[in-house]
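*Asks:* Before anything else, here's the structure in question.
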Amino acid sequence: MIRPTTPEETDLLVTLTDETGVFKPHEVVALREVLDEYHESNREYGHRAVTYEEHGKPGGFAYFAPASMTDRTWYLYWIAVSKKIQAKGIGGKLLKYAEDEIRQANGRVLFIETSSLPHYDLTRKFYVKQGYDTSAVLKDYYSDGDDMVVFSKRMAT
């Protein structure tokens with residue numbers, strides 16, 4: 001089941017994200033801030049946080065929002081699935097849920113940014129498998145040798 005994320009889940013979702021082994025420590029710290037701000041005020045600006053629940057426990061989540069000063073452009077800021085249940089289609093379900101929500105909000109395009117480092121290979125393959133195009137590569141964006149890879153997918157037809 002996919003449902004709105006609750007404030008009480010913040011600690012668990014931060015731990016789940018950290019345990020994936022993909023995110024840098026400062027990114028995990030930032031996630032806590034993002035979720036706190038979401039619950040405090042960013043919901044009012046159209047931000048969305050959803051949790052995948054399995055057997056009564058959160059197993060993953062996605063965070064997406066409209067991009068300010070654009071015509072119906074959205075960003076997927078976070079998507080993570082517990083390492084214990086990865087590769088079972090849950091990430092795809094979360095992403096499809098986000099896409100459906102964005103379409104219902106009359107979104108035009110969804111952008112996703114990720115790293116070019118080797119341990120993000122599966123992440124990049126996942127986005128391609130889900131029908132995303134590589135729109136840009138910004139060289140050395142995160143650090144020397146760590147490019148930002150930008151994926152996009154049209155939401156409006």
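Order determines the names: the first chain of the structure tokens is A, the second B, and so forth; residues in each chain are numbered 1 upward, and ligands are numbered 1 upward as they are shown.
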Neighbours of A:Leu13 within 9 Å (only C-alpha atoms; same-chain residues fewer than 3 positions away dropped), as JSON, numbers by chain?

*Replies:* {"A": [9, 10, 16, 17, 18, 31, 32, 51, 58, 59, 60, 61, 80, 82]}

*Asks:* Report as a ChimeraX atom specification all protein, DNA and RNA residues lying within 8 Å of stretch 131-139 of chain A, evaluated on only C-alpha atoms, omitting residues in the same chain fewer than 6 positions from it.

*Replies:* /A:145-153

*Asks:* Could you save the residues just selected, with all heavy atoms, as a compact mmCIF listing (two decimals), in the first residue's frame?

*Replies:*
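The result, stored in selection-v6.txt:
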# COMPACT_ATOMS: atom_id res chain seq x y z
N GLY A 145 34.79 14.44 -10.89
CA GLY A 145 34.54 13.07 -11.31
C GLY A 145 33.16 12.54 -10.94
O GLY A 145 32.82 11.41 -11.27
N ASP A 146 32.34 13.35 -10.31
CA ASP A 146 30.98 12.95 -9.92
C ASP A 146 30.00 13.89 -10.62
O ASP A 146 29.68 14.97 -10.13
CB ASP A 146 30.81 13.01 -8.40
CG ASP A 146 29.48 12.44 -7.93
OD1 ASP A 146 28.68 11.99 -8.77
OD2 ASP A 146 29.24 12.48 -6.70
N ASP A 147 29.55 13.44 -11.78
CA ASP A 147 28.64 14.24 -12.60
C ASP A 147 27.21 14.10 -12.12
O ASP A 147 26.84 13.09 -11.52
CB ASP A 147 28.68 13.75 -14.07
CG ASP A 147 30.07 13.69 -14.64
OD1 ASP A 147 30.97 14.39 -14.14
OD2 ASP A 147 30.26 12.93 -15.61
N MET A 148 26.39 15.12 -12.41
CA MET A 148 24.96 15.01 -12.20
C MET A 148 24.35 14.48 -13.50
O MET A 148 24.61 15.03 -14.58
CB MET A 148 24.32 16.36 -11.88
CG MET A 148 22.79 16.26 -11.76
SD MET A 148 21.92 17.84 -11.84
CE MET A 148 22.43 18.57 -10.31
N VAL A 149 23.58 13.42 -13.41
CA VAL A 149 22.86 12.87 -14.56
C VAL A 149 21.39 13.23 -14.35
O VAL A 149 20.81 12.91 -13.32
CB VAL A 149 23.04 11.34 -14.67
CG1 VAL A 149 22.33 10.82 -15.91
CG2 VAL A 149 24.53 10.98 -14.71
N VAL A 150 20.83 13.93 -15.33
CA VAL A 150 19.45 14.39 -15.25
C VAL A 150 18.58 13.55 -16.18
O VAL A 150 18.86 13.47 -17.38
CB VAL A 150 19.32 15.89 -15.62
CG1 VAL A 150 17.88 16.35 -15.48
CG2 VAL A 150 20.26 16.73 -14.77
N PHE A 151 17.56 12.95 -15.61
CA PHE A 151 16.58 12.17 -16.37
C PHE A 151 15.28 12.94 -16.45
O PHE A 151 14.96 13.74 -15.55
CB PHE A 151 16.32 10.82 -15.67
CG PHE A 151 17.49 9.90 -15.71
CD1 PHE A 151 18.41 9.88 -14.68
CD2 PHE A 151 17.69 9.04 -16.79
CE1 PHE A 151 19.50 9.03 -14.70
CE2 PHE A 151 18.77 8.19 -16.82
CZ PHE A 151 19.68 8.18 -15.78
N SER A 152 14.51 12.69 -17.51
CA SER A 152 13.20 13.35 -17.61
C SER A 152 12.21 12.43 -18.32
O SER A 152 12.59 11.51 -19.05
CB SER A 152 13.32 14.66 -18.39
OG SER A 152 13.67 14.42 -19.73
N LYS A 153 10.95 12.74 -18.05
CA LYS A 153 9.86 12.00 -18.69
C LYS A 153 8.67 12.94 -18.80
O LYS A 153 8.31 13.62 -17.83
CB LYS A 153 9.48 10.78 -17.85
CG LYS A 153 8.45 9.85 -18.47
CD LYS A 153 8.26 8.65 -17.56
CE LYS A 153 7.45 7.56 -18.16
NZ LYS A 153 7.29 6.43 -17.24

*Asks:* Between A:Pro25, A:Pro7, A:Pro66, A:Gly91, which has the minimum distance to A:Glu40 (counting only C-alpha atoms)?

*Replies:*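 Looking at the shortest contact to A:Glu40, the residue is A:Pro7.
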
*Asks:* Tell me which of A:Tyr75, A:Tyr52, A:Tyr141, A:Phe126 sits closest to A:Tyr97, counting only C-alpha atoms.

*Replies:* A:Tyr52

*Asks:* I need the residues in stretch 49-140 of chain A that are helix (DSSP H, G or I) according to DSSP; give them as a ChimeraX atom specification.

*Replies:* /A:83-85,90-104,118-129

*Asks:* So that I can check the secondary structure, give me every residue of stretch 8-140 of chain A assigned strand (DSSP E or B) by backbone DSSP, as a ChimeraX atom specification.

*Replies:* /A:48-54,57-66,73-81,109-115,133-140

*Asks:* Counting only C-alpha atoms, figure out which residue out of A:Tyr45, A:Asp100, A:Val34, A:Leu12 gets nearest to A:Ala67.

*Replies:*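 Of all the options, A:Tyr45 lies closest to A:Ala67.
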
*Asks:* Could you check how far atom CA of A:Leu35 sits from atom CA of A:Asn106, in Å to one decimal?

*Replies:*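 Separation of atom CA of A:Leu35 and atom CA of A:Asn106: 24.2 Å.
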
*Asks:* Please determine, counting only C-alpha atoms, which residue among A:Tyr120, A:Gln104, A:Gly56, A:Gly21 has the shortest atom-to-atom distance to A:Lys84.

*Replies:*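 Ranked by minimum distance to A:Lys84, first place goes to A:Gly21.
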
*Asks:* Which is closer to A:His47 than all the others in A:Ala156, A:Ile112, A:Leu95, A:Leu76, using only C-alpha atoms?

*Replies:*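 Nearest to A:His47: A:Leu76.
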
*Asks:* Any idea what's packed within 9 Å of A:Met155, counting only C-alpha atoms, ignoring anything in its chain fewer than 6 positions away? Could you give it as number ranges by chain?

*Replies:* A: 99-100, 102-103, 106-110

*Asks:* Could the residues in this selection be saved with N, CA and C atoms as an mmCIF file, in the first residue's frame?

*Replies:*
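out_7.cif, written as the output of this step:
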data_model
loop_
_atom_site.group_PDB
_atom_site.id
_atom_site.type_symbol
_atom_site.label_atom_id
_atom_site.label_comp_id
_atom_site.auth_asym_id
_atom_site.auth_seq_id
_atom_site.Cartn_x
_atom_site.Cartn_y
_atom_site.Cartn_z
ATOM 1 N N GLU A 99 4.211 9.514 -10.557
ATOM 2 C CA GLU A 99 3.835 9.955 -11.903
ATOM 3 C C GLU A 99 2.323 10.160 -12.014
ATOM 4 N N ASP A 100 1.549 9.232 -11.479
ATOM 5 C CA ASP A 100 0.085 9.358 -11.526
ATOM 6 C C ASP A 100 -0.384 10.596 -10.768
ATOM 7 N N ILE A 102 1.342 13.309 -10.252
ATOM 8 C CA ILE A 102 1.770 14.474 -11.028
ATOM 9 C C ILE A 102 0.839 14.691 -12.218
ATOM 10 N N ARG A 103 0.456 13.621 -12.884
ATOM 11 C CA ARG A 103 -0.498 13.746 -13.998
ATOM 12 C C ARG A 103 -1.836 14.300 -13.508
ATOM 13 N N ASN A 106 -1.930 17.842 -13.271
ATOM 14 C CA ASN A 106 -1.678 18.459 -14.574
ATOM 15 C C ASN A 106 -0.204 18.774 -14.790
ATOM 16 N N GLY A 107 0.668 17.960 -14.204
ATOM 17 C CA GLY A 107 2.102 18.135 -14.409
ATOM 18 C C GLY A 107 2.474 17.877 -15.863
ATOM 19 N N ARG A 108 3.480 18.557 -16.336
ATOM 20 C CA ARG A 108 3.912 18.479 -17.719
ATOM 21 C C ARG A 108 5.121 17.571 -17.912
ATOM 22 N N VAL A 109 6.094 17.658 -16.987
ATOM 23 C CA VAL A 109 7.328 16.889 -17.117
ATOM 24 C C VAL A 109 7.882 16.631 -15.712
ATOM 25 N N LEU A 110 8.534 15.472 -15.550
ATOM 26 C CA LEU A 110 9.170 15.112 -14.284
ATOM 27 C C LEU A 110 10.670 14.966 -14.517
#

*Asks:* Separation of atom CA of A:Ala62 and atom CA of A:Trp78, in Å?

*Replies:*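 A separation of 5.3 Å between them.
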
*Asks:* Between atom CA of A:Tyr142 and atom CA of A:Ser115, what is the spacing in Å?

*Replies:*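 Computing the Euclidean distance for atom CA of A:Ser115 and atom CA of A:Tyr142 yields 7.7 Å.
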
*Asks:* A:Thr123, A:Gln130, A:Thr5, A:Ser143: which is nearest A:Lys57, counting only C-alpha atoms?

*Replies:*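 Using only C-alpha atoms, A:Lys57 sits closest to A:Thr5.
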